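Okay, structure.cif now, which holds mmCIF, C-alpha atoms:
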```
data_structure
#
loop_
_atom_site.label_atom_id
_atom_site.label_comp_id
_atom_site.auth_asym_id
_atom_site.auth_seq_id
_atom_site.Cartn_x
_atom_site.Cartn_y
_atom_site.Cartn_z
CA MET O 1 14.93 89.08 306.37
CA THR O 2 14.11 85.67 307.86
CA LEU O 3 11.38 85.68 310.50
CA SER O 4 12.14 84.13 313.86
CA VAL O 5 10.20 80.99 314.76
CA ALA O 6 8.25 82.88 317.44
CA MET O 7 7.31 85.65 315.01
CA THR O 8 6.34 83.12 312.34
CA ASP O 9 4.09 81.25 314.78
CA GLN O 10 2.50 84.51 315.89
CA THR O 11 1.82 85.59 312.30
CA PHE O 12 0.85 82.16 310.96
CA PRO O 13 -0.91 80.07 313.63
CA ILE O 14 -1.31 77.19 311.15
CA ARG O 15 1.71 75.92 309.21
CA CYS O 16 1.88 72.78 307.11
CA GLN O 17 5.34 71.71 305.97
CA ASN O 18 5.79 68.89 303.42
CA LEU O 19 2.70 67.12 304.75
CA TRP O 20 1.75 63.66 303.46
CA LYS O 21 -1.11 61.33 304.33
CA ILE O 22 -0.64 57.88 302.86
CA TYR O 23 -3.03 54.94 303.13
CA GLY O 24 -2.11 51.32 302.56
CA PRO O 25 -0.65 48.22 304.24
CA ALA O 26 2.40 49.90 305.84
CA PRO O 27 2.36 53.70 305.45
CA SER O 28 4.70 54.21 308.41
CA ALA O 29 7.44 52.44 306.45
CA LEU O 30 7.33 55.30 303.95
CA ARG O 31 8.21 57.98 306.49
CA THR O 32 11.92 57.78 305.78
CA VAL O 33 11.72 57.18 302.03
CA PRO O 34 13.17 60.11 300.04
CA VAL O 35 10.33 62.38 298.95
CA GLY O 36 11.58 62.30 295.36
CA THR O 37 10.71 58.61 295.13
CA LEU O 38 7.14 59.02 296.44
CA ASN O 39 5.52 59.16 293.02
CA GLU O 40 2.27 57.56 291.93
CA GLU O 41 4.00 54.55 290.37
CA ALA O 42 6.03 53.75 293.50
CA LEU O 43 3.03 54.12 295.79
CA ARG O 44 0.83 51.93 293.60
CA ALA O 45 3.55 49.26 293.37
CA THR O 46 3.54 48.91 297.17
CA GLY O 47 -0.25 49.02 297.49
CA HIS O 48 -0.41 52.58 298.84
CA MET O 49 -2.18 55.75 297.83
CA ALA O 50 -1.56 59.34 298.88
CA ALA O 51 -4.51 61.40 300.10
CA LEU O 52 -2.16 64.34 300.74
CA ARG O 53 0.99 65.00 298.71
CA ASP O 54 3.75 67.26 300.05
CA VAL O 55 1.40 70.03 301.25
CA THR O 56 3.15 73.20 302.40
CA LEU O 57 1.19 76.33 303.33
CA GLU O 58 0.78 78.97 306.02
CA ILE O 59 -2.50 80.44 307.26
CA GLY O 60 -2.42 83.92 308.76
CA ARG O 61 -3.94 84.93 312.07
CA GLY O 62 -7.42 86.38 311.60
CA GLU O 63 -7.54 85.16 307.99
CA VAL O 64 -10.49 83.48 306.29
CA PHE O 65 -8.64 80.76 304.39
CA VAL O 66 -10.73 78.64 302.03
CA ILE O 67 -9.64 75.19 300.86
CA MET O 68 -11.41 73.98 297.75
CA GLY O 69 -11.31 71.24 295.20
CA LEU O 70 -13.46 68.55 293.68
CA SER O 71 -14.53 65.43 295.59
CA GLY O 72 -11.45 63.34 296.39
CA SER O 73 -9.03 66.24 296.06
CA GLY O 74 -7.84 65.89 299.68
CA LYS O 75 -9.39 69.01 301.20
CA SER O 76 -11.26 67.23 304.01
CA THR O 77 -8.26 65.02 304.76
CA LEU O 78 -6.09 68.12 305.10
CA VAL O 79 -8.45 69.75 307.58
CA ARG O 80 -8.78 66.53 309.57
CA CYS O 81 -4.99 66.46 309.86
CA MET O 82 -5.04 70.10 310.97
CA THR O 83 -7.51 69.26 313.74
CA GLY O 84 -5.76 66.10 314.88
CA LEU O 85 -8.65 63.85 313.83
CA VAL O 86 -6.33 62.15 311.34
CA GLU O 87 -2.59 61.62 311.86
CA ALA O 88 -0.39 62.68 308.96
CA THR O 89 2.10 60.11 307.69
CA ARG O 90 5.05 62.47 307.32
CA GLY O 91 5.85 66.16 307.41
CA ASP O 92 5.00 68.73 310.08
CA LEU O 93 1.74 70.39 311.07
CA LEU O 94 2.12 73.22 313.55
CA ILE O 95 -0.65 74.92 315.51
CA ASP O 96 0.82 78.00 317.20
CA GLY O 97 4.22 76.34 317.02
CA GLU O 98 3.15 72.95 318.45
CA ASN O 99 3.66 70.05 316.07
CA LEU O 100 0.55 67.86 316.14
CA ARG O 101 2.56 64.92 314.79
CA THR O 102 4.75 64.82 317.89
CA THR O 103 2.36 66.23 320.51
CA ARG O 104 1.41 63.95 323.41
CA PRO O 105 -2.14 62.54 323.10
CA GLU O 106 -3.35 64.31 326.25
CA ARG O 107 -1.99 67.64 324.96
CA LEU O 108 -3.70 67.05 321.60
CA VAL O 109 -7.00 66.59 323.43
CA ASP O 110 -6.38 69.84 325.28
CA ILE O 111 -5.67 71.71 322.02
CA ARG O 112 -8.85 70.37 320.44
CA ARG O 113 -10.94 71.33 323.46
CA HIS O 114 -9.61 74.84 323.96
CA LYS O 115 -7.66 76.18 320.98
CA ILE O 116 -9.54 74.86 317.94
CA SER O 117 -13.12 74.03 317.05
CA MET O 118 -14.90 72.48 314.09
CA VAL O 119 -18.30 72.74 312.38
CA PHE O 120 -19.40 69.77 310.29
CA GLN O 121 -21.66 69.56 307.24
CA ASP O 122 -24.27 67.40 308.98
CA PHE O 123 -24.67 69.72 312.03
CA ALA O 124 -24.13 66.72 314.41
CA LEU O 125 -26.61 68.05 316.97
CA LEU O 126 -27.66 65.86 319.90
CA PRO O 127 -31.38 65.18 319.32
CA HIS O 128 -32.25 64.77 323.02
CA LEU O 129 -30.82 68.17 324.00
CA THR O 130 -32.41 71.58 323.55
CA VAL O 131 -30.75 74.45 321.71
CA LEU O 132 -29.32 75.64 325.02
CA GLY O 133 -28.14 72.15 325.94
CA ASN O 134 -26.50 71.52 322.58
CA ILE O 135 -24.59 74.79 322.65
CA ALA O 136 -23.48 74.30 326.26
CA PHE O 137 -22.46 70.66 325.78
CA PRO O 138 -18.71 71.23 325.09
CA LEU O 139 -18.44 73.10 328.40
CA LYS O 140 -20.17 70.21 330.16
CA VAL O 141 -17.49 67.90 328.76
CA GLN O 142 -14.88 70.28 330.17
CA GLY O 143 -16.52 70.11 333.60
CA VAL O 144 -17.70 73.73 333.67
CA GLU O 145 -20.36 74.41 336.30
CA ARG O 146 -23.91 74.38 334.93
CA SER O 147 -24.85 77.99 335.64
CA GLU O 148 -21.68 79.24 333.92
CA ARG O 149 -22.05 77.09 330.83
CA GLU O 150 -25.71 78.05 330.42
CA ARG O 151 -24.84 81.73 330.86
CA ARG O 152 -22.26 81.53 328.09
CA ALA O 153 -24.62 79.50 325.90
CA ALA O 154 -27.34 82.11 326.35
CA GLU O 155 -24.93 84.83 325.19
CA LEU O 156 -24.13 82.90 322.02
CA ILE O 157 -27.79 82.20 321.33
CA ASP O 158 -28.25 85.94 321.03
CA VAL O 159 -25.08 86.33 318.91
CA VAL O 160 -26.25 83.82 316.28
CA GLY O 161 -29.82 85.09 316.21
CA LEU O 162 -31.66 82.28 317.99
CA SER O 163 -33.19 84.22 320.87
CA GLY O 164 -36.53 82.73 321.88
CA ARG O 165 -35.58 79.24 320.68
CA GLU O 166 -33.49 78.22 323.69
CA ASN O 167 -35.79 75.36 324.70
CA ARG O 168 -36.51 73.94 321.27
CA PHE O 169 -35.13 70.59 320.15
CA PRO O 170 -33.22 70.10 316.87
CA HIS O 171 -36.20 68.54 315.06
CA GLU O 172 -38.18 71.72 315.76
CA LEU O 173 -35.68 73.89 313.89
CA SER O 174 -35.11 74.67 310.22
CA GLY O 175 -31.85 73.64 308.53
CA GLY O 176 -30.46 77.15 308.85
CA GLN O 177 -31.39 77.33 312.53
CA GLN O 178 -29.76 73.95 313.19
CA GLN O 179 -26.57 75.18 311.55
CA ARG O 180 -26.63 78.30 313.74
CA VAL O 181 -26.77 75.99 316.76
CA GLY O 182 -23.75 74.12 315.41
CA ILE O 183 -21.89 77.38 314.90
CA ALA O 184 -22.72 78.62 318.39
CA ARG O 185 -21.66 75.31 319.92
CA SER O 186 -18.33 75.47 318.11
CA LEU O 187 -17.69 78.96 319.48
CA ILE O 188 -18.57 78.39 323.13
CA THR O 189 -15.07 77.24 324.08
CA LYS O 190 -13.73 80.52 322.62
CA PRO O 191 -11.42 78.81 320.12
CA GLU O 192 -8.65 80.75 318.43
CA ILE O 193 -8.92 78.69 315.24
CA TRP O 194 -12.23 77.75 313.65
CA PHE O 195 -12.56 74.93 311.10
CA LEU O 196 -15.69 74.62 308.95
CA ASP O 197 -16.05 71.57 306.69
CA GLU O 198 -18.62 72.41 303.97
CA PRO O 199 -20.98 73.65 306.69
CA PHE O 200 -23.58 75.13 304.35
CA SER O 201 -23.62 72.63 301.48
CA ALA O 202 -26.79 70.86 302.69
CA LEU O 203 -28.79 74.10 302.91
CA ASP O 204 -31.14 75.61 300.35
CA PRO O 205 -29.52 78.39 298.25
CA LEU O 206 -31.25 81.29 300.01
CA ILE O 207 -30.48 79.92 303.48
CA ARG O 208 -26.93 79.18 302.36
CA GLN O 209 -26.38 82.80 301.35
CA GLU O 210 -27.89 83.92 304.64
CA MET O 211 -25.44 81.73 306.54
CA GLN O 212 -22.51 83.07 304.50
CA ASP O 213 -23.59 86.57 305.52
CA GLU O 214 -23.84 85.39 309.13
CA LEU O 215 -20.32 83.99 308.98
CA LEU O 216 -18.94 87.28 307.67
CA ARG O 217 -20.85 89.19 310.36
CA LEU O 218 -19.45 86.96 313.10
CA GLN O 219 -15.93 87.23 311.70
CA ALA O 220 -16.13 91.04 311.68
CA THR O 221 -16.83 90.83 315.42
CA LEU O 222 -14.77 87.84 316.54
CA HIS O 223 -11.70 88.00 314.24
CA LYS O 224 -11.06 84.26 314.29
CA THR O 225 -8.57 82.39 312.15
CA ILE O 226 -10.97 80.48 309.90
CA VAL O 227 -10.29 77.47 307.68
CA PHE O 228 -13.32 76.85 305.48
CA ILE O 229 -13.80 73.91 303.10
CA THR O 230 -16.06 74.21 300.07
CA HIS O 231 -16.32 72.96 296.49
CA ASP O 232 -18.36 76.03 295.49
CA PHE O 233 -16.26 78.83 294.00
CA ASP O 234 -19.10 81.35 294.32
CA GLU O 235 -19.16 80.68 298.06
CA ALA O 236 -15.37 80.84 298.29
CA ILE O 237 -15.03 84.25 296.65
CA ARG O 238 -17.72 85.70 298.92
CA ILE O 239 -15.93 84.85 302.14
CA ALA O 240 -12.23 84.20 301.42
CA ASP O 241 -9.18 86.32 302.02
CA ARG O 242 -7.17 83.61 300.26
CA ILE O 243 -8.03 80.33 298.56
CA ALA O 244 -6.06 77.09 298.23
CA ILE O 245 -6.98 74.96 295.21
CA MET O 246 -6.33 71.22 295.72
CA HIS O 247 -6.07 68.47 293.10
CA ASN O 248 -5.13 64.81 293.64
CA GLY O 249 -3.99 65.51 297.20
CA ALA O 250 -1.69 68.41 296.31
CA VAL O 251 -2.11 72.15 296.75
CA VAL O 252 -1.92 73.54 293.23
CA GLN O 253 -2.16 77.25 294.04
CA VAL O 254 -2.75 79.57 296.99
CA ASP O 255 -3.87 83.09 296.14
CA THR O 256 -6.56 85.70 296.55
CA PRO O 257 -9.75 85.14 294.52
CA GLU O 258 -8.57 87.88 292.18
CA GLY O 259 -5.12 86.31 291.81
CA LEU O 260 -6.59 82.91 290.94
CA VAL O 261 -8.68 84.43 288.15
CA LEU O 262 -5.99 86.74 286.77
CA SER O 263 -2.98 84.43 287.14
CA PRO O 264 -3.98 80.75 287.32
CA ALA O 265 -0.99 78.52 288.05
CA ASP O 266 -1.96 75.88 285.50
CA ASP O 267 -4.73 74.65 283.22
CA TYR O 268 -6.55 72.96 286.11
CA VAL O 269 -6.90 76.23 288.05
CA ALA O 270 -7.82 78.06 284.85
CA ALA O 271 -10.63 75.57 284.19
CA PHE O 272 -11.72 75.77 287.82
CA THR O 273 -12.12 79.54 287.65
CA ARG O 274 -13.19 79.99 284.02
CA LYS O 275 -16.91 80.43 284.67
CA ILE O 276 -16.54 82.87 287.56
CA PRO O 277 -17.90 86.33 286.64
CA ARG O 278 -14.75 88.44 286.65
CA HIS O 279 -16.47 91.54 288.01
CA LEU O 280 -17.18 89.63 291.25
CA VAL O 281 -13.46 89.14 291.95
CA LEU O 282 -11.59 91.85 290.06
CA ARG O 283 -10.70 95.05 291.92
CA ALA O 284 -10.60 98.51 290.42
CA ARG O 285 -6.79 98.52 290.73
CA SER O 286 -6.59 95.58 288.30
CA ILE O 287 -8.24 97.38 285.38
CA LEU O 288 -7.45 101.04 286.00
CA SER O 289 -5.96 103.28 283.33
CA PRO O 290 -3.36 106.00 283.92
CA VAL O 291 -4.52 109.18 285.64
CA SER O 292 -6.72 111.11 283.21
CA ALA O 293 -7.16 114.89 283.17
CA GLU O 294 -10.73 114.25 282.07
CA ALA O 295 -11.59 112.11 285.11
CA SER O 296 -14.36 113.58 287.24
CA GLY O 297 -16.89 112.74 289.90
CA GLU O 298 -16.65 110.99 293.24
CA PRO O 299 -13.53 108.76 293.26
CA VAL O 300 -13.72 105.02 293.89
CA PRO O 301 -11.30 103.05 296.11
CA ALA O 302 -8.65 101.03 294.30
CA ASP O 303 -9.66 97.89 296.23
CA ALA O 304 -13.38 98.20 295.35
CA LEU O 305 -14.87 95.30 293.42
CA VAL O 306 -15.57 96.18 289.80
CA GLY O 307 -19.11 94.89 290.19
CA ASP O 308 -19.74 97.31 293.05
CA VAL O 309 -18.68 100.42 291.11
CA ALA O 310 -19.73 99.40 287.62
CA ALA O 311 -23.03 101.32 287.63
CA ARG O 312 -21.27 104.58 288.52
CA VAL O 313 -18.59 104.15 285.84
CA LEU O 314 -20.98 103.04 283.10
CA SER O 315 -23.30 105.95 283.75
CA SER O 316 -20.49 108.51 283.63
CA GLU O 317 -19.52 110.28 280.44
CA ALA O 318 -15.97 110.79 281.73
CA PRO O 319 -13.48 108.40 283.36
CA VAL O 320 -13.91 108.00 287.11
CA PRO O 321 -10.89 108.71 289.35
CA VAL O 322 -9.48 105.87 291.48
CA VAL O 323 -7.78 106.54 294.82
CA GLY O 324 -5.42 104.44 296.90
CA GLU O 325 -5.45 103.93 300.67
CA ASN O 326 -3.76 107.29 301.18
CA GLY O 327 -6.55 109.11 299.32
CA LEU O 328 -4.33 110.05 296.40
CA VAL O 329 -5.50 109.45 292.83
CA VAL O 330 -3.69 106.45 291.34
CA GLY O 331 -5.54 106.14 288.04
CA SER O 332 -8.96 106.18 286.45
CA LEU O 333 -11.65 103.73 285.40
CA GLU O 334 -12.78 103.78 281.79
CA ARG O 335 -16.17 102.56 280.63
CA SER O 336 -14.51 100.23 278.13
CA SER O 337 -12.41 98.56 280.83
CA VAL O 338 -15.45 97.92 283.01
CA MET O 339 -17.42 96.61 280.04
CA THR O 340 -14.63 94.19 279.19
CA ALA O 341 -14.37 93.00 282.81
CA MET O 342 -18.11 92.44 283.07
CA PHE O 343 -19.12 91.24 279.63
CA GLY O 344 -15.93 90.49 277.74
CA ALA O 345 -16.78 93.26 275.30
CA THR O 346 -16.15 96.94 274.91
CA ALA O 347 -18.64 99.73 274.39
#
```

How does this structure look as structure tokens?
Amino acid sequence: MTLSVAMTDQTFPIRCQNLWKIYGPAPSALRTVPVGTLNEEALRATGHMAALRDVTLEIGRGEVFVIMGLSGSGKSTLVRCMTGLVEATRGDLLIDGENLRTTRPERLVDIRRHKISMVFQDFALLPHLTVLGNIAFPLKVQGVERSERERRAAELIDVVGLSGRENRFPHELSGGQQQRVGIARSLITKPEIWFLDEPFSALDPLIRQEMQDELLRLQATLHKTIVFITHDFDEAIRIADRIAIMHNGAVVQVDTPEGLVLSPADDYVAAFTRKIPRHLVLRARSILSPVSAEASGEPVPADALVGDVAARVLSSEAPVPVVGENGLVVGSLERSSVMTAMFGATA
């Protein structure tokens, strides 16, 4: 059954349809050229290059959607089109049903101030403002009265774990603390959609993991629609509901972390995911055996990560039962299957 436009917009607040971003001497002249002729040879012959190539995808409400790819793959360009910072050359980009390519400039400003927000890699804090001032600044731009904007900023300071640092300046904070300020500032306008462009890539590994945990904690409370850019697959599989892999401006595959590992769309995705430890992305349902009469012990959920239940299975002499969402046994986990998933070998 075909969804109505209203239902589609409600389910998928971000929709890209045949989106292109072309750079060169006259990209607007290519808006009416048949898509089938927009190949690399034709673009190069006219002095153009495509940063985005026919991108079509939908991002669900409340989803953590990760866009990844190597440098130059187009991931940052795509997000900048989604936020209206860059105008796409052709195609449609809808935010809650409004097409950013045809939206009036003043309405686009309103969308960016109230509906969406963005966190950058370099924090972009104002050095002359305190933590409180930096977080409250977007509300100052909106003309919100000082007492109200500082009240809301104070609430967010507590949410992101910066209580007691309200009056410190950016240079008095660690990298992780500065990023928390950036996160709080991006949330103060209560955006529905939250864009994060490699926000943790400049942080030390331990602080980076801490900030990933913080993001997941905030998402469990706030339930935002999140678009997160990274080139780090380990980071992506920790936080993503789904991942889009980009290459040469095109989206090669959109899938869950597990789906990318088990069913890569092509050799590029396979190479991209080859070194990922399978037990960090595979679920029990992917490696279960038929229901065994010998299965015993506390059952494990079918959607549990193999890595999280491996110790129990490997220490059991008998297969371990696996249950679905309804609590019914749907299969069993064998030691050999877990060994293969974790080490590529059987016991």

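Closest approach to Pro127 of chain O from the set O:Val79, O:Val281, O:Leu173, O:Val64 is made by O:Leu173, with distances taken over all atoms listed in the file.
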
task = May I ask which of the residues O:Pro277, O:Gly84, O:Pro25, O:Gly97 is the closest one to Phe12 of chain O, counting only C-alpha atoms?
result =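 The shortest atom-to-atom distance to Phe12 of chain O comes from O:Gly97.
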
query = Of the candidates O:Glu258, O:Glu317, O:Asp232, O:Glu87, which shows the shortest atom-to-atom distance to Glu198 of chain O, using only C-alpha atoms?
reply =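 Ranked by minimum distance to Glu198 of chain O, first place goes to O:Asp232.
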
task = For the structure shown, which residues end up in the PyMOL selection byres ((chain O and resi 137-143) around 12)? Put them as a ChimeraX atom specification, please?
result = /O:109-110,112-114,117-118,125-126,128-136,144-153,181-182,184-191

ask   = If we count all atoms listed in the file, what is near Ile193 of chain O at a cut-off of 8 Å, once residues fewer than 3 positions away on the same chain are taken out, given as a list in words?
value = Lys115, Ile116, Ser117, Lys224, Thr225, Ile226 and Val227 of chain O

key: Between atom CA of Ala50 of chain O and atom CA of Arg80 of chain O - distance in Å to one decimal   = 14.8 Å

Contacts of Asn39 of chain O at 12 Å or less, counting all atoms listed in the file, minus same-chain residues fewer than 2 places along, as a JSON list (two decimals) with C-alpha atoms, keeping the file's coordinate frame?
```json
[["chain", "number", "residue", "atom", "x", "y", "z"],
["O", 20, "TRP", "CA", 1.75, 63.66, 303.46],
["O", 22, "ILE", "CA", -0.64, 57.88, 302.86],
["O", 30, "LEU", "CA", 7.33, 55.30, 303.95],
["O", 33, "VAL", "CA", 11.72, 57.18, 302.03],
["O", 34, "PRO", "CA", 13.17, 60.11, 300.04],
["O", 35, "VAL", "CA", 10.33, 62.38, 298.95],
["O", 36, "GLY", "CA", 11.58, 62.30, 295.36],
["O", 37, "THR", "CA", 10.71, 58.61, 295.13],
["O", 41, "GLU", "CA", 4.00, 54.55, 290.37],
["O", 42, "ALA", "CA", 6.03, 53.75, 293.50],
["O", 43, "LEU", "CA", 3.03, 54.12, 295.79],
["O", 44, "ARG", "CA", 0.83, 51.93, 293.60],
["O", 45, "ALA", "CA", 3.55, 49.26, 293.37],
["O", 46, "THR", "CA", 3.54, 48.91, 297.17],
["O", 48, "HIS", "CA", -0.41, 52.58, 298.84],
["O", 49, "MET", "CA", -2.18, 55.75, 297.83],
["O", 50, "ALA", "CA", -1.56, 59.34, 298.88],
["O", 53, "ARG", "CA", 0.99, 65.00, 298.71],
["O", 54, "ASP", "CA", 3.75, 67.26, 300.05]]
```

inquiry  = Can you translate the PyMOL selection byres ((chain O and resi 237) around 10) into the concrete residues it hits in this file, as JSON, numbers by chain?
reply    = {"O": [66, 232, 233, 234, 235, 236, 238, 239, 240, 241, 242, 243, 256, 257, 258, 276, 280, 281]}

Test item: the PyMOL selection byres ((chain O and resi 228) around 7) resolved as a compact mmCIF listing (two decimals) with C-alpha atoms, keeping the file's coordinate frame:
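Result file is part15.txt:
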```txt
# COMPACT_ATOMS: atom_id res chain seq x y z
CA PHE O 65 -8.64 80.76 304.39
CA VAL O 66 -10.73 78.64 302.03
CA ILE O 67 -9.64 75.19 300.86
CA PHE O 195 -12.56 74.93 311.10
CA LEU O 196 -15.69 74.62 308.95
CA ASP O 197 -16.05 71.57 306.69
CA ILE O 226 -10.97 80.48 309.90
CA VAL O 227 -10.29 77.47 307.68
CA ILE O 229 -13.80 73.91 303.10
CA THR O 230 -16.06 74.21 300.07
```

Kindly compute an axis-aligned box around the listed atoms of segment 193-209 of chain O, allowing 5 Å on each side, and express its centre and edge lengths in Å to one decimal as lines of an AutoDock Vina configuration file.
```
center_x = -20.1
center_y = 76.8
center_z = 306.7
size_x = 32.3
size_y = 21.9
size_z = 27.0
```

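Contact shell of Ala284 of chain O at 6 Å (all atoms listed in the file; same-chain neighbours under 6 positions omitted): Ala302, Asp303, Ala304 and Val306 of chain O.
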
message = What's around segment 309-312 of chain O at 9 Å? Count only C-alpha atoms, leave out sequence neighbours fewer than 3 positions away in its own chain, and write the answer as a list in words.
response =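 The filter keeps His279, Ala284, Val300, Ala304, Leu305, Val306, Ser315, Ser316, Val320, Arg335, Val338, Met339 and Met342 of chain O.
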
query = Which is closer to Gly175 of chain O than all the others in O:Gly74, O:Ile207, O:Gln219, O:Val159, using all atoms listed in the file?
reply =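 Closest to Gly175 of chain O, using all atoms listed in the file: O:Ile207.
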
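Nearest-residue note for Val322 of chain O: choosing from O:Ser73, O:Ser336, O:Asn248, O:Ser286, the minimum distance belongs to O:Ser286, counting all atoms listed in the file.
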
query = Quick one, how far is atom CA of His223 of chain O from atom CA of Arg61 of chain O?
reply =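 The value is 8.6 Å.
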
message = Just to confirm, what's the straight-line distance from atom CA of Ile183 of chain O to atom CA of Glu98 of chain O in Å (one decimal)?
response =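 Atom-to-atom, atom CA of Ile183 of chain O to atom CA of Glu98 of chain O, that is 25.7 Å.
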
inquiry  = Report as a PyMOL selection string all protein, DNA and RNA residues lying within 9 Å of Glu294 of chain O, evaluated on all atoms listed in the file, omitting residues in the same chain fewer than 2 positions from it.
reply    = chain O and resi 291-292+296+318-320
